[in-house]
>>> print(open('protein-v6.txt').read())   # compact mmCIF, C-alpha atoms and all ligand atoms
# COMPACT_ATOMS: atom_id res chain seq x y z
CA MET A 110 -27.10 -101.31 26.48
CA ASN A 111 -25.63 -99.01 23.88
CA LEU A 112 -26.45 -100.06 20.33
CA THR A 113 -25.83 -99.07 16.74
CA LEU A 114 -28.86 -99.40 14.49
CA LYS A 115 -28.39 -99.74 10.75
CA ILE A 116 -31.84 -98.96 9.43
CA TRP A 117 -33.29 -98.98 5.91
CA ARG A 118 -34.69 -95.52 5.09
CA GLN A 119 -36.82 -95.08 1.99
CA LYS A 120 -38.96 -92.01 1.39
CA SER A 121 -41.52 -93.66 -0.89
CA ARG A 122 -42.19 -96.67 -3.08
CA LYS A 123 -40.24 -95.09 -5.94
CA ASP A 124 -37.29 -93.87 -3.86
CA LYS A 125 -34.11 -95.98 -4.14
CA GLY A 126 -33.60 -96.04 -0.37
CA GLY A 127 -30.51 -96.89 1.65
CA PHE A 128 -29.14 -97.68 5.10
CA VAL A 129 -28.61 -94.98 7.74
CA GLU A 130 -26.82 -95.62 11.05
CA TYR A 131 -28.10 -94.37 14.40
CA LYS A 132 -26.89 -94.77 17.99
CA VAL A 133 -29.22 -95.49 20.90
CA SER A 134 -28.11 -95.67 24.52
CA GLU A 135 -29.38 -96.89 27.89
CA ILE A 136 -31.61 -99.52 26.31
CA SER A 137 -32.98 -101.94 28.89
CA GLY A 138 -33.08 -105.68 28.22
CA HIS A 139 -36.71 -105.61 29.41
CA MET A 140 -37.77 -103.37 26.53
CA SER A 141 -39.45 -104.83 23.49
CA PHE A 142 -37.84 -104.22 20.12
CA LEU A 143 -40.56 -101.73 19.22
CA GLU A 144 -40.06 -99.84 22.50
CA MET A 145 -36.40 -99.52 21.54
CA MET A 146 -37.51 -98.14 18.18
CA ASP A 147 -39.78 -95.71 20.04
CA VAL A 148 -36.74 -94.44 21.97
CA LEU A 149 -34.91 -93.80 18.70
CA ASN A 150 -37.93 -92.05 17.18
CA GLU A 151 -38.40 -89.79 20.21
CA GLU A 152 -34.76 -88.75 19.89
CA LEU A 153 -35.16 -88.11 16.14
CA ILE A 154 -38.30 -86.03 16.72
CA ALA A 155 -36.51 -84.02 19.43
CA LYS A 156 -33.78 -83.27 16.89
CA ASN A 157 -36.36 -82.24 14.29
CA GLU A 158 -35.53 -85.24 12.13
CA GLU A 159 -38.04 -87.58 10.52
CA PRO A 160 -38.87 -90.61 12.68
CA VAL A 161 -38.45 -94.10 11.23
CA VAL A 162 -41.77 -95.34 9.84
CA PHE A 163 -42.73 -98.86 10.89
CA ASP A 164 -46.02 -100.74 11.13
CA HIS A 165 -47.45 -101.76 14.51
CA ASP A 166 -50.82 -102.08 16.18
CA CYS A 167 -51.52 -104.66 18.91
CA ARG A 168 -47.96 -104.98 20.22
CA GLU A 169 -48.85 -108.41 21.60
CA GLY A 170 -48.32 -110.82 18.70
CA ILE A 171 -51.86 -110.79 17.33
CA CYS A 172 -52.25 -108.34 14.45
CA GLY A 173 -49.20 -109.33 12.38
CA SER A 174 -48.35 -105.77 11.37
CA CYS A 175 -44.91 -105.34 12.98
CA SER A 176 -43.03 -106.88 10.10
CA MET A 177 -39.30 -106.21 10.13
CA PHE A 178 -36.21 -108.08 9.04
CA ILE A 179 -33.76 -107.92 11.95
CA ASN A 180 -30.19 -109.08 11.43
CA GLY A 181 -31.32 -111.07 8.40
CA GLU A 182 -34.26 -112.81 10.07
CA ALA A 183 -37.96 -112.05 9.89
CA HIS A 184 -39.03 -110.90 13.39
CA GLY A 185 -35.44 -111.19 14.60
CA PRO A 186 -33.36 -113.86 16.30
CA ASP A 187 -35.97 -115.32 18.69
CA ARG A 188 -38.34 -118.18 17.73
CA GLY A 189 -42.14 -118.16 17.95
CA VAL A 190 -42.40 -114.41 18.48
CA THR A 191 -43.26 -111.34 16.44
CA THR A 192 -41.07 -108.22 16.42
CA CYS A 193 -43.29 -106.59 19.08
CA GLN A 194 -42.72 -109.60 21.37
CA LEU A 195 -38.96 -109.68 20.79
CA HIS A 196 -37.07 -108.52 23.89
CA MET A 197 -33.89 -106.47 23.84
CA ARG A 198 -32.24 -109.03 26.17
CA LYS A 199 -31.69 -111.07 22.99
CA PHE A 200 -29.00 -108.50 22.11
CA LYS A 201 -25.89 -107.39 23.94
CA ASP A 202 -24.18 -104.11 24.69
CA GLY A 203 -22.28 -102.78 21.67
CA ASP A 204 -24.26 -104.79 19.11
CA LYS A 205 -24.90 -103.44 15.64
CA ILE A 206 -28.42 -104.35 14.55
CA THR A 207 -29.46 -104.26 10.90
CA ILE A 208 -33.15 -103.50 10.40
CA GLU A 209 -34.85 -103.82 7.01
CA PRO A 210 -38.40 -104.03 5.66
CA PHE A 211 -39.82 -107.36 4.52
CA ARG A 212 -38.64 -107.66 0.93
CA ALA A 213 -40.84 -109.21 -1.77
CA LYS A 214 -42.21 -108.05 -5.10
CA ALA A 215 -45.75 -108.48 -3.74
CA PHE A 216 -44.91 -106.41 -0.62
CA PRO A 217 -43.77 -103.04 -2.02
CA VAL A 218 -42.23 -100.62 0.47
CA ILE A 219 -44.54 -97.76 1.46
CA LYS A 220 -41.95 -95.93 3.54
CA ASP A 221 -38.87 -97.01 5.54
CA LEU A 222 -39.84 -100.30 7.24
CA MET A 223 -43.52 -100.24 6.33
CA VAL A 224 -44.61 -102.44 3.43
CA ASP A 225 -47.90 -102.82 1.60
CA ARG A 226 -49.29 -106.27 2.38
CA SER A 227 -52.71 -105.70 0.81
CA SER A 228 -51.87 -108.60 -1.55
CA PHE A 229 -52.66 -110.85 1.44
CA ASP A 230 -56.03 -109.12 1.86
CA ARG A 231 -56.87 -109.75 -1.78
CA ILE A 232 -55.99 -113.46 -1.41
CA GLN A 233 -58.31 -113.62 1.60
CA GLN A 234 -61.07 -111.87 -0.33
CA ALA A 235 -60.69 -114.47 -3.11
CA GLY A 236 -61.80 -117.32 -0.86
CA GLY A 237 -61.27 -116.77 2.87
CA TYR A 238 -64.95 -117.02 3.78
CA ILE A 239 -67.87 -119.41 3.98
CA SER A 240 -71.40 -118.80 2.75
CA VAL A 241 -74.01 -119.74 5.35
CA ASN A 242 -77.58 -118.61 5.67
CA THR A 243 -77.75 -116.54 8.83
CA SER A 244 -81.32 -115.36 8.33
CA GLY A 245 -84.50 -117.23 9.16
CA ARG A 246 -83.52 -120.53 10.77
CA PRO A 247 -79.73 -120.72 11.01
CA THR A 248 -78.29 -124.00 12.23
CA ASP A 249 -76.48 -123.79 15.54
CA ALA A 250 -72.80 -124.31 14.70
CA ASN A 251 -72.41 -126.55 17.73
CA SER A 252 -75.00 -129.00 16.39
CA ILE A 253 -72.48 -130.12 13.74
CA LEU A 254 -70.09 -132.53 15.42
CA ILE A 255 -66.43 -132.11 14.45
CA PRO A 256 -63.70 -134.65 15.31
CA LYS A 257 -61.33 -133.22 17.92
CA GLU A 258 -58.28 -133.78 15.73
CA ASP A 259 -59.81 -131.80 12.84
CA ALA A 260 -60.89 -129.00 15.16
CA ASP A 261 -57.37 -128.78 16.61
CA LEU A 262 -55.73 -128.73 13.16
CA ALA A 263 -58.17 -126.07 11.93
CA MET A 264 -57.47 -123.98 15.02
CA ASP A 265 -53.71 -124.34 14.52
CA ALA A 266 -54.07 -123.12 10.92
CA ALA A 267 -56.29 -120.25 12.04
CA THR A 268 -53.53 -118.89 14.28
CA CYS A 269 -51.79 -117.45 11.19
CA ILE A 270 -51.72 -113.69 11.73
CA GLY A 271 -50.88 -112.74 8.14
CA CYS A 272 -47.57 -111.14 9.10
CA GLY A 273 -45.76 -112.17 5.92
CA ALA A 274 -42.62 -113.51 7.61
CA CYS A 275 -42.98 -116.68 5.52
CA VAL A 276 -42.84 -114.63 2.32
CA ALA A 277 -39.96 -112.44 3.49
CA THR A 278 -37.96 -115.52 4.52
CA CYS A 279 -38.57 -117.60 1.41
CA LYS A 280 -35.91 -117.35 -1.30
CA ASN A 281 -38.75 -117.45 -3.86
CA SER A 282 -40.99 -114.98 -1.94
CA SER A 283 -43.61 -117.72 -1.86
CA ALA A 284 -46.84 -117.20 0.08
CA MET A 285 -47.70 -120.91 0.18
CA LEU A 286 -47.51 -121.19 3.99
CA PHE A 287 -49.93 -118.28 4.45
CA VAL A 288 -52.33 -119.49 1.74
CA GLY A 289 -52.01 -123.10 2.95
CA ALA A 290 -53.02 -122.00 6.45
CA LYS A 291 -55.97 -119.97 5.19
CA VAL A 292 -57.21 -122.79 2.91
CA SER A 293 -56.75 -125.41 5.65
CA GLN A 294 -58.60 -123.57 8.38
CA TYR A 295 -61.80 -123.90 6.32
CA ALA A 296 -61.11 -127.16 4.47
CA LEU A 297 -60.79 -129.07 7.75
CA LEU A 298 -64.25 -128.06 8.98
CA PRO A 299 -67.64 -129.20 7.63
CA GLN A 300 -68.75 -125.55 7.22
CA GLY A 301 -65.85 -125.00 4.83
CA LYS A 302 -66.53 -128.05 2.65
CA VAL A 303 -69.25 -126.43 0.52
CA GLU A 304 -66.91 -124.04 -1.30
CA GLU A 305 -63.73 -126.07 -0.80
CA LYS A 306 -62.98 -126.58 -4.50
CA GLU A 307 -63.58 -122.97 -5.58
CA ARG A 308 -61.79 -121.60 -2.54
CA VAL A 309 -58.49 -123.37 -3.15
CA ARG A 310 -58.55 -122.58 -6.86
CA ASN A 311 -59.41 -118.90 -6.36
CA MET A 312 -56.92 -118.28 -3.55
CA VAL A 313 -54.08 -119.97 -5.45
CA ALA A 314 -54.99 -118.02 -8.62
CA GLN A 315 -54.94 -114.72 -6.67
CA MET A 316 -51.63 -115.68 -5.04
CA ASP A 317 -50.09 -116.16 -8.50
CA LEU A 318 -51.65 -112.94 -9.78
CA GLU A 319 -50.07 -110.96 -6.93
CA GLY A 320 -46.59 -112.07 -7.97
CA PHE A 321 -45.62 -114.44 -5.15
CA GLY A 322 -43.11 -117.12 -6.12
CA ALA A 323 -43.41 -120.89 -6.16
CA CYS A 324 -42.70 -123.21 -3.21
CA THR A 325 -39.58 -125.35 -3.53
CA ASN A 326 -39.99 -127.10 -0.14
CA THR A 327 -37.05 -125.38 1.57
CA GLY A 328 -39.01 -125.07 4.82
CA ALA A 329 -37.48 -121.76 5.96
CA CYS A 330 -41.00 -120.30 6.22
CA GLU A 331 -41.99 -122.82 8.89
CA VAL A 332 -38.84 -122.06 10.90
CA GLU A 333 -39.41 -118.30 10.89
CA CYS A 334 -43.20 -118.31 11.27
CA PRO A 335 -43.99 -116.73 14.66
CA LYS A 336 -47.10 -118.90 15.01
CA GLY A 337 -45.52 -122.25 14.16
CA ILE A 338 -47.71 -122.83 11.10
CA SER A 339 -46.81 -126.28 9.78
CA LEU A 340 -45.72 -127.18 6.25
CA ASP A 341 -48.50 -129.81 6.43
CA ASN A 342 -50.84 -126.97 5.50
CA ILE A 343 -49.03 -126.52 2.18
CA ALA A 344 -49.33 -130.25 1.48
CA ARG A 345 -53.06 -130.13 2.34
CA MET A 346 -53.56 -127.15 0.03
CA ASN A 347 -51.69 -128.88 -2.81
CA ARG A 348 -53.79 -132.03 -2.37
CA GLY A 349 -56.95 -129.92 -2.41
CA PHE A 350 -55.82 -127.97 -5.47
CA ILE A 351 -54.90 -131.04 -7.53
CA GLY A 352 -58.00 -132.86 -6.30
CA SER A 353 -60.23 -129.97 -7.35
CA TRP A 354 -59.12 -130.43 -10.97
CA LEU A 355 -59.15 -134.24 -10.90
CA LEU A 356 -62.74 -134.20 -9.69
CA GLY A 357 -63.69 -131.88 -12.53
CA GLU A 358 -65.93 -128.82 -12.46
S1 LIG B 401 -47.92 -118.49 7.95
FE1 LIG B 401 -46.79 -117.69 9.74
S2 LIG B 401 -45.22 -116.35 8.85
FE2 LIG B 401 -46.77 -116.67 7.27
S3 LIG B 401 -48.22 -114.99 7.46
FE3 LIG B 401 -49.03 -116.69 8.72
S4 LIG B 401 -48.20 -116.31 10.77
FE4 LIG B 401 -46.99 -115.04 9.40
S1 LIG B 402 -47.78 -105.18 16.61
FE1 LIG B 402 -49.35 -106.70 16.35
S2 LIG B 402 -48.22 -108.54 16.06
FE2 LIG B 402 -46.71 -107.05 16.51
>>> encode(input="protein-v6.txt", output="structure tokens")
Amino acid sequence: MNLTLKIWRQKSRKDKGGFVEYKVSEISGHMSFLEMMDVLNEELIAKNEEPVVFDHDCREGICGSCSMFINGEAHGPDRGVTTCQLHMRKFKDGDKITIEPFRAKAFPVIKDLMVDRSSFDRIQQAGGYISVNTSGRPTDANSILIPKEDADLAMDAATCIGCGACVATCKNSSAMLFVGAKVSQYALLPQGKVEEKERVRNMVAQMDLEGFGACTNTGACEVECPKGISLDNIARMNRGFIGSWLLGE
């Protein structure tokens, strides 16, 4: 395949940035999207030009770092995959592909396609943990029986990889799907009940502080989420948040 890539280049957070077009040739349909980007970067380096900066780590859909907007969709045109799992067979010879960073006030661009998603880390730090005594005589986790349905729902929520596609897709740059998943994965389990009230309040407060927008139930986040995180998690978080105030301090 021969392709034209229209890529967002931005030198730094303060730089205005803009699109630059590049040509790549002999791209195999078996390549991943990031391997195609590697081909471009090798050519740029050979020409003594600056390679395109993009985030990546695991390249197998686990770490959530390969965040790109491809032809107007977070992680590109496929469903249930991250950019590193997207195959070039989803495109055809002669295509022009527009590649942009995830855009949100709370995800400032670091350089080119790489954005700063440390706002997600700070939300996690605000409540994404449980306090258990692990010294002396810790209770074996398996001695606490958990209904299968709850365990399955908690596991589904825990599959969120913190990629930020939900934020990039949402017209309000809302992080409710991410925060809903993180709140739910603990709230559904007995070990997470102890700090349930503080957790939901603190994580929602940090989410607001970071500048994410409100949820208006459009549902685009669920469609674009590579891990199929359900909107039910947002509803569960909202119930927990309202309940935490109704029940008082
Ligand atoms: S909810 Fe989905 S889209 Fe949002 S950060 Fe988690 S995995 Fe990514
Ligand atoms: S590089 Fe880790 S999810 Fe894509």
>>> residues_around(input="protein-v6.txt", residues="Asp164 (chain A)", least_positions_apart="3", cutoff="7 Å", atoms="only C-alpha atoms", output="PyMOL selection string")
chain A and resi 174-176+223
>>> residues_around(input="protein-v6.txt", residues="Glu152 (chain A)", least_positions_apart="5", cutoff="12 Å", atoms="all atoms listed in the file", output="MDAnalysis selection string")
chainID A and resid 131:134 145:147 157:161
>>> write_last_selection(input="protein-v6.txt", atoms="C-alpha atoms", output="compact mmCIF listing (two decimals), in the frame of the given file")
# COMPACT_ATOMS: atom_id res chain seq x y z
CA TYR A 131 -28.10 -94.37 14.40
CA LYS A 132 -26.89 -94.77 17.99
CA VAL A 133 -29.22 -95.49 20.90
CA SER A 134 -28.11 -95.67 24.52
CA MET A 145 -36.40 -99.52 21.54
CA MET A 146 -37.51 -98.14 18.18
CA ASP A 147 -39.78 -95.71 20.04
CA ASN A 157 -36.36 -82.24 14.29
CA GLU A 158 -35.53 -85.24 12.13
CA GLU A 159 -38.04 -87.58 10.52
CA PRO A 160 -38.87 -90.61 12.68
CA VAL A 161 -38.45 -94.10 11.23
>>> residues_near_ligand(input="protein-v6.txt", ligand="ligand LIG 401 (chain B)", cutoff="9 Å", atoms="all atoms listed in the file", output="PDB file with C-alpha atoms, in the frame of the given file")
ATOM      1  CA  GLY A 173     -49.200-109.330  12.380  1.00  0.00           C
ATOM      2  CA  ALA A 183     -37.960-112.050   9.890  1.00  0.00           C
ATOM      3  CA  THR A 191     -43.260-111.340  16.440  1.00  0.00           C
ATOM      4  CA  PHE A 229     -52.660-110.850   1.440  1.00  0.00           C
ATOM      5  CA  ALA A 266     -54.070-123.120  10.920  1.00  0.00           C
ATOM      6  CA  ALA A 267     -56.290-120.250  12.040  1.00  0.00           C
ATOM      7  CA  THR A 268     -53.530-118.890  14.280  1.00  0.00           C
ATOM      8  CA  CYS A 269     -51.790-117.450  11.190  1.00  0.00           C
ATOM      9  CA  ILE A 270     -51.720-113.690  11.730  1.00  0.00           C
ATOM     10  CA  GLY A 271     -50.880-112.740   8.140  1.00  0.00           C
ATOM     11  CA  CYS A 272     -47.570-111.140   9.100  1.00  0.00           C
ATOM     12  CA  GLY A 273     -45.760-112.170   5.920  1.00  0.00           C
ATOM     13  CA  ALA A 274     -42.620-113.510   7.610  1.00  0.00           C
ATOM     14  CA  CYS A 275     -42.980-116.680   5.520  1.00  0.00           C
ATOM     15  CA  VAL A 276     -42.840-114.630   2.320  1.00  0.00           C
ATOM     16  CA  ALA A 277     -39.960-112.440   3.490  1.00  0.00           C
ATOM     17  CA  THR A 278     -37.960-115.520   4.520  1.00  0.00           C
ATOM     18  CA  ALA A 284     -46.840-117.200   0.080  1.00  0.00           C
ATOM     19  CA  MET A 285     -47.700-120.910   0.180  1.00  0.00           C
ATOM     20  CA  LEU A 286     -47.510-121.190   3.990  1.00  0.00           C
ATOM     21  CA  PHE A 287     -49.930-118.280   4.450  1.00  0.00           C
ATOM     22  CA  VAL A 288     -52.330-119.490   1.740  1.00  0.00           C
ATOM     23  CA  GLY A 289     -52.010-123.100   2.950  1.00  0.00           C
ATOM     24  CA  ALA A 290     -53.020-122.000   6.450  1.00  0.00           C
ATOM     25  CA  LYS A 291     -55.970-119.970   5.190  1.00  0.00           C
ATOM     26  CA  CYS A 330     -41.000-120.300   6.220  1.00  0.00           C
ATOM     27  CA  GLU A 331     -41.990-122.820   8.890  1.00  0.00           C
ATOM     28  CA  VAL A 332     -38.840-122.060  10.900  1.00  0.00           C
ATOM     29  CA  GLU A 333     -39.410-118.300  10.890  1.00  0.00           C
ATOM     30  CA  CYS A 334     -43.200-118.310  11.270  1.00  0.00           C
ATOM     31  CA  PRO A 335     -43.990-116.730  14.660  1.00  0.00           C
ATOM     32  CA  LYS A 336     -47.100-118.900  15.010  1.00  0.00           C
ATOM     33  CA  GLY A 337     -45.520-122.250  14.160  1.00  0.00           C
ATOM     34  CA  ILE A 338     -47.710-122.830  11.100  1.00  0.00           C
ATOM     35  CA  SER A 339     -46.810-126.280   9.780  1.00  0.00           C
TER      36      SER A 339
END
>>> closest_residue(input="protein-v6.txt", among="A:Cys167, A:Val148, A:Val241, A:Met140", to="ligand LIG 402 (chain B)", atoms="all atoms listed in the file")
A:Cys167
>>> closest_residue(input="protein-v6.txt", among="A:Thr192, A:Gln315, A:Ser293, A:Ser137", to="ligand LIG 402 (chain B)", atoms="all atoms listed in the file")
A:Thr192
>>> closest_residue(input="protein-v6.txt", among="A:Ala329, A:Leu297, A:Val303, A:Cys172", to="Ser240 (chain A)", atoms="only C-alpha atoms")
A:Val303
>>> atom_distance(input="protein-v6.txt", atom1="CA of Asn347 (chain A)", atom2="CA of Phe178 (chain A)")
28.5 Å
>>> atom_distance(input="protein-v6.txt", atom1="CA of Val292 (chain A)", atom2="CA of Gly237 (chain A)")
7.3 Å
>>> closest_residue(input="protein-v6.txt", among="A:Glu144, A:Asp249, A:Asp221, A:Asp230", to="ligand LIG 402 (chain B)", atoms="all atoms listed in the file")
A:Glu144
>>> closest_residue(input="protein-v6.txt", among="A:Ser244, A:Thr327, A:Asn111, A:Gln194", to="ligand LIG 402 (chain B)", atoms="only C-alpha atoms and all ligand atoms")
A:Gln194
>>> residues_around(input="protein-v6.txt", residues="Glu304 (chain A)", least_positions_apart="4", cutoff="12 Å", atoms="only C-alpha atoms", output="PDB file with C-alpha atoms, keeping the file's coordinate frame")
ATOM      1  CA  ALA A 235     -60.690-114.470  -3.110  1.00  0.00           C
ATOM      2  CA  GLY A 236     -61.800-117.320  -0.860  1.00  0.00           C
ATOM      3  CA  GLY A 237     -61.270-116.770   2.870  1.00  0.00           C
ATOM      4  CA  TYR A 238     -64.950-117.020   3.780  1.00  0.00           C
ATOM      5  CA  ILE A 239     -67.870-119.410   3.980  1.00  0.00           C
ATOM      6  CA  SER A 240     -71.400-118.800   2.750  1.00  0.00           C
ATOM      7  CA  VAL A 241     -74.010-119.740   5.350  1.00  0.00           C
ATOM      8  CA  VAL A 292     -57.210-122.790   2.910  1.00  0.00           C
ATOM      9  CA  TYR A 295     -61.800-123.900   6.320  1.00  0.00           C
ATOM     10  CA  ALA A 296     -61.110-127.160   4.470  1.00  0.00           C
ATOM     11  CA  LEU A 298     -64.250-128.060   8.980  1.00  0.00           C
ATOM     12  CA  PRO A 299     -67.640-129.200   7.630  1.00  0.00           C
ATOM     13  CA  GLN A 300     -68.750-125.550   7.220  1.00  0.00           C
ATOM     14  CA  ARG A 308     -61.790-121.600  -2.540  1.00  0.00           C
ATOM     15  CA  VAL A 309     -58.490-123.370  -3.150  1.00  0.00           C
ATOM     16  CA  ARG A 310     -58.550-122.580  -6.860  1.00  0.00           C
ATOM     17  CA  ASN A 311     -59.410-118.900  -6.360  1.00  0.00           C
ATOM     18  CA  MET A 312     -56.920-118.280  -3.550  1.00  0.00           C
ATOM     19  CA  GLY A 349     -56.950-129.920  -2.410  1.00  0.00           C
ATOM     20  CA  SER A 353     -60.230-129.970  -7.350  1.00  0.00           C
TER      21      SER A 353
END
>>> closest_residue(input="protein-v6.txt", among="A:Ser141, A:Asn150, A:Gln294, A:Thr243", to="Glu169 (chain A)", atoms="only C-alpha atoms")
A:Ser141
>>> atom_distance(input="protein-v6.txt", atom1="CA of Phe216 (chain A)", atom2="CA of Ser121 (chain A)")
13.2 Å
>>> residues_near_point(input="protein-v6.txt", point="(-42.4, -95.2, -3.8)", cutoff="8 Å", atoms="all atoms listed in the file", output="list in words")
Lys120, Ser121, Arg122, Lys123, Asp124, Val218, Ile219 and Lys220 of chain A
>>> residues_around(input="protein-v6.txt", residues="Gly352 (chain A)", least_positions_apart="5", cutoff="12 Å", atoms="only C-alpha atoms", output="PyMOL selection string")
chain A and resi 305-307+309-310+344-347+357-358
>>> residues_around(input="protein-v6.txt", residues="Arg118 (chain A)", least_positions_apart="4", cutoff="9 Å", atoms="only C-alpha atoms", output="compact mmCIF listing (two decimals) with C-alpha atoms, in the frame of the given file")
# COMPACT_ATOMS: atom_id res chain seq x y z
CA GLY A 126 -33.60 -96.04 -0.37
CA GLY A 127 -30.51 -96.89 1.65
CA PHE A 128 -29.14 -97.68 5.10
CA VAL A 129 -28.61 -94.98 7.74
CA VAL A 161 -38.45 -94.10 11.23
CA VAL A 162 -41.77 -95.34 9.84
CA GLU A 209 -34.85 -103.82 7.01
CA LYS A 220 -41.95 -95.93 3.54
CA ASP A 221 -38.87 -97.01 5.54
CA LEU A 222 -39.84 -100.30 7.24
